[in-house]
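> I am sharing data.cif, which consists of mmCIF, C-alpha atoms:
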data_model
loop_
_atom_site.group_PDB
_atom_site.id
_atom_site.type_symbol
_atom_site.label_atom_id
_atom_site.label_comp_id
_atom_site.auth_asym_id
_atom_site.auth_seq_id
_atom_site.Cartn_x
_atom_site.Cartn_y
_atom_site.Cartn_z
ATOM 1 C CA TYR A 1 -4.083 -28.778 -22.763
ATOM 2 C CA LYS A 2 -3.099 -25.803 -24.825
ATOM 3 C CA TYR A 3 -1.893 -22.394 -23.889
ATOM 4 C CA VAL A 4 -4.443 -19.740 -24.715
ATOM 5 C CA TYR A 5 -2.088 -17.681 -26.848
ATOM 6 C CA ASN A 6 -3.308 -14.738 -28.823
ATOM 7 C CA LYS A 7 -1.322 -12.743 -31.347
ATOM 8 C CA ASN A 8 0.554 -10.921 -28.563
ATOM 9 C CA ASN A 9 1.801 -14.130 -26.984
ATOM 10 C CA TYR A 10 -0.002 -14.118 -23.666
ATOM 11 C CA ILE A 11 -0.639 -17.385 -21.859
ATOM 12 C CA ILE A 12 -4.166 -16.306 -20.922
ATOM 13 C CA TYR A 13 -4.681 -12.932 -22.548
ATOM 14 C CA ASP A 14 -7.908 -12.048 -20.748
ATOM 15 C CA SER A 15 -6.965 -13.132 -17.221
ATOM 16 C CA GLN A 16 -7.612 -9.691 -15.804
ATOM 17 C CA ASP A 17 -10.940 -9.236 -17.598
ATOM 18 C CA ARG A 18 -12.820 -12.426 -16.735
ATOM 19 C CA TYR A 19 -12.986 -14.931 -13.919
ATOM 20 C CA LEU A 20 -10.878 -17.995 -14.626
ATOM 21 C CA GLU A 21 -12.220 -21.432 -13.771
ATOM 22 C CA GLU A 22 -10.256 -24.075 -11.910
ATOM 23 C CA ASP A 23 -11.100 -26.571 -14.662
ATOM 24 C CA GLU A 24 -9.270 -24.532 -17.284
ATOM 25 C CA LEU A 25 -6.182 -24.253 -15.062
ATOM 26 C CA LYS A 26 -5.953 -27.768 -13.658
ATOM 27 C CA GLU A 27 -3.710 -29.152 -16.420
ATOM 28 C CA PHE A 28 -1.046 -26.476 -15.989
ATOM 29 C CA THR A 29 2.094 -27.353 -14.045
ATOM 30 C CA LEU A 30 3.154 -25.493 -10.922
ATOM 31 C CA ASP A 31 5.664 -23.434 -12.943
ATOM 32 C CA GLU A 32 3.047 -22.613 -15.565
ATOM 33 C CA LEU A 33 0.559 -21.525 -12.906
ATOM 34 C CA ALA A 34 3.214 -19.191 -11.503
ATOM 35 C CA LEU A 35 3.733 -17.718 -14.975
ATOM 36 C CA ILE A 36 -0.002 -17.201 -15.424
ATOM 37 C CA ARG A 37 -0.255 -15.524 -12.011
ATOM 38 C CA ASN A 38 2.717 -13.286 -12.726
ATOM 39 C CA GLU A 39 1.371 -12.511 -16.180
ATOM 40 C CA ILE A 40 -1.483 -10.677 -14.461
ATOM 41 C CA TYR A 41 1.061 -8.549 -12.615
ATOM 42 C CA ALA A 42 3.045 -8.067 -15.834
ATOM 43 C CA MET A 43 -0.071 -6.803 -17.627
ATOM 44 C CA ASN A 44 -0.242 -4.193 -14.877
ATOM 45 C CA ASN A 45 3.364 -3.104 -15.515
ATOM 46 C CA MET A 46 5.127 -4.801 -12.640
ATOM 47 C CA GLU A 47 8.878 -4.743 -13.132
ATOM 48 C CA PHE A 48 10.468 -8.118 -12.534
ATOM 49 C CA LYS A 49 13.980 -8.150 -11.125
ATOM 50 C CA SER A 50 14.631 -11.883 -10.889
ATOM 51 C CA GLU A 51 14.530 -14.954 -13.066
ATOM 52 C CA PRO A 52 12.689 -16.634 -14.604
ATOM 53 C CA TYR A 53 10.193 -13.786 -14.858
ATOM 54 C CA LEU A 54 12.677 -11.096 -15.867
ATOM 55 C CA THR A 55 13.697 -12.846 -19.082
ATOM 56 C CA TYR A 56 10.292 -14.384 -19.769
ATOM 57 C CA PHE A 57 8.356 -11.123 -19.688
ATOM 58 C CA ASN A 58 11.086 -8.985 -21.222
ATOM 59 C CA ASN A 59 10.726 -11.184 -24.307
ATOM 60 C CA LYS A 60 7.042 -10.274 -24.689
ATOM 61 C CA SER A 61 6.289 -7.465 -27.131
ATOM 62 C CA TRP A 62 3.420 -6.198 -24.973
ATOM 63 C CA TYR A 63 5.338 -6.023 -21.688
ATOM 64 C CA VAL A 64 6.429 -2.713 -20.192
ATOM 65 C CA GLY A 65 7.613 -3.071 -16.612
ATOM 66 C CA TYR A 66 8.076 0.108 -14.636
ATOM 67 C CA CYS A 67 6.386 -0.450 -11.256
ATOM 68 C CA ASP A 68 8.396 -1.885 -8.383
ATOM 69 C CA ASN A 69 5.231 -3.254 -6.860
ATOM 70 C CA VAL A 70 1.746 -3.551 -8.294
ATOM 71 C CA GLU A 71 -0.743 -2.607 -5.609
ATOM 72 C CA PHE A 72 -3.228 -5.428 -5.223
ATOM 73 C CA ASP A 73 -5.974 -2.873 -4.500
ATOM 74 C CA TYR A 74 -5.636 -1.379 -7.987
ATOM 75 C CA LEU A 75 -6.172 -4.644 -9.841
ATOM 76 C CA SER A 76 -9.557 -5.501 -11.310
ATOM 77 C CA GLU A 77 -11.844 -7.696 -9.232
ATOM 78 C CA GLU A 78 -11.372 -10.446 -11.806
ATOM 79 C CA ALA A 79 -7.562 -10.193 -11.570
ATOM 80 C CA LYS A 80 -7.678 -10.345 -7.769
ATOM 81 C CA ALA A 81 -9.934 -13.408 -7.834
ATOM 82 C CA ASN A 82 -7.744 -15.107 -10.443
ATOM 83 C CA ILE A 83 -4.560 -14.476 -8.462
ATOM 84 C CA LYS A 84 -6.227 -15.939 -5.372
ATOM 85 C CA LEU A 85 -7.482 -18.974 -7.307
ATOM 86 C CA ILE A 86 -4.058 -19.623 -8.817
ATOM 87 C CA LYS A 87 -2.300 -19.230 -5.444
ATOM 88 C CA ASP A 88 -4.750 -21.700 -3.908
ATOM 89 C CA MET A 89 -4.096 -24.161 -6.714
ATOM 90 C CA GLU A 90 -0.327 -23.711 -6.365
ATOM 91 C CA LYS A 91 -0.562 -24.606 -2.673
ATOM 92 C CA ARG A 92 -2.401 -27.821 -3.524
ATOM 93 C CA LYS A 93 0.057 -29.010 -6.211
#
Could you express the structure from this file as C-alpha cells?

Amino acid sequence: YKYVYNKNNYIIYDSQDRYLEEDELKEFTLDELALIRNEIYAMNNMEFKSEPYLTYFNNKSWYVGYCDNVEFDYLSEEAKANIKLIKDMEKRK
C-alpha cells in the first residue's frame, strides 16, 4: 500500500471531504489507522498534548492546534463516518 500523500504531507488529505472505504484502509497497521483517525481531528485544529501525536502533527506545515477538544457534532458527516469506520477497524485488528 502507499500513503496518500499530497504536497502538504497528509496521510489521507481528503478524509473529511469524502467517505473512506474499508478496502483502502485495510492494509494500514493499527498505529497508522490511529494516525489517520487523529489526522481528521488535527485538520479540525485539535491540540494534541501527548505523544506520538504531539510531535507527529507539530511537524506538519498545515497543522495549527488550538482546540482542547474537537466537538464531534461540528465535524462533517464524512469525517464522522470515517472516524467511526476507523475505530471499528481498530477494534478488529
> Just how far from CA of Pro52 in chain A is CA of Tyr13 in chain A, in Å to one decimal?
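Separation between CA of Tyr13 in chain A and CA of Pro52 in chain A: 19.5 Å.
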> For the structure provided, state which residues fall under the PyMOL selection byres ((chain A and resi 49) around 12), and present them as a list in words.
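Selected by the PyMOL selection byres ((chain A and resi 49) around 12) in this file: Ala42, Met46, Glu47, Phe48, Ser50, Glu51, Pro52, Tyr53, Leu54, Thr55, Tyr56, Phe57, Asn58, Gly65, Tyr66, Cys67, Asp68 and Asn69 of chain A.
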> I need the chosen residues saved as a PDB file, in the frame of the given file, with C-alpha atoms.

ATOM      1  CA  ALA A  42       3.045  -8.067 -15.834  1.00  0.00           C
ATOM      2  CA  MET A  46       5.127  -4.801 -12.640  1.00  0.00           C
ATOM      3  CA  GLU A  47       8.878  -4.743 -13.132  1.00  0.00           C
ATOM      4  CA  PHE A  48      10.468  -8.118 -12.534  1.00  0.00           C
ATOM      5  CA  SER A  50      14.631 -11.883 -10.889  1.00  0.00           C
ATOM      6  CA  GLU A  51      14.530 -14.954 -13.066  1.00  0.00           C
ATOM      7  CA  PRO A  52      12.689 -16.634 -14.604  1.00  0.00           C
ATOM      8  CA  TYR A  53      10.193 -13.786 -14.858  1.00  0.00           C
ATOM      9  CA  LEU A  54      12.677 -11.096 -15.867  1.00  0.00           C
ATOM     10  CA  THR A  55      13.697 -12.846 -19.082  1.00  0.00           C
ATOM     11  CA  TYR A  56      10.292 -14.384 -19.769  1.00  0.00           C
ATOM     12  CA  PHE A  57       8.356 -11.123 -19.688  1.00  0.00           C
ATOM     13  CA  ASN A  58      11.086  -8.985 -21.222  1.00  0.00           C
ATOM     14  CA  GLY A  65       7.613  -3.071 -16.612  1.00  0.00           C
ATOM     15  CA  TYR A  66       8.076   0.108 -14.636  1.00  0.00           C
ATOM     16  CA  CYS A  67       6.386  -0.450 -11.256  1.00  0.00           C
ATOM     17  CA  ASP A  68       8.396  -1.885  -8.383  1.00  0.00           C
ATOM     18  CA  ASN A  69       5.231  -3.254  -6.860  1.00  0.00           C
TER      19      ASN A  69
END
> I'd like to see the residues matched by the PyMOL selection byres ((chain A and resi 34-40) around 7) on this file, and ideally I'd get them as a compact mmCIF listing (two decimals) with C-alpha atoms, keeping the file's coordinate frame.

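Dumped to out-v4.txt:
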# COMPACT_ATOMS: atom_id res chain seq x y z
CA ILE A 11 -0.64 -17.39 -21.86
CA ILE A 12 -4.17 -16.31 -20.92
CA SER A 15 -6.96 -13.13 -17.22
CA GLN A 16 -7.61 -9.69 -15.80
CA LEU A 30 3.15 -25.49 -10.92
CA ASP A 31 5.66 -23.43 -12.94
CA GLU A 32 3.05 -22.61 -15.56
CA LEU A 33 0.56 -21.52 -12.91
CA TYR A 41 1.06 -8.55 -12.62
CA ALA A 42 3.04 -8.07 -15.83
CA MET A 43 -0.07 -6.80 -17.63
CA ASN A 44 -0.24 -4.19 -14.88
CA ALA A 79 -7.56 -10.19 -11.57
CA ILE A 83 -4.56 -14.48 -8.46
CA ILE A 86 -4.06 -19.62 -8.82
> Kindly resolve the PyMOL selection byres ((chain A and resi 26) around 12) on the present coordinates and return the residues as a VMD selection string.
chain A and resid 1 to 2 20 to 25 27 to 30 32 to 33 85 to 86 88 to 90 92 to 93
> Return the single residue from A:Glu78, A:Lys91, A:Glu71, A:Lys84 that is closest to Tyr19 in chain A, with distances computed using only C-alpha atoms.
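The shortest atom-to-atom distance to Tyr19 in chain A comes from A:Glu78.
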> What does the structure give for the distance between CA of Phe72 in chain A and CA of Lys60 in chain A, in Å to one decimal?
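Distance reported for this atom pair: 22.5 Å.
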> Could you state the separation of CA of Tyr74 in chain A and CA of Trp62 in chain A in Å, given to one decimal place?
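For CA of Tyr74 in chain A relative to CA of Trp62 in chain A, the distance reads 19.8 Å.
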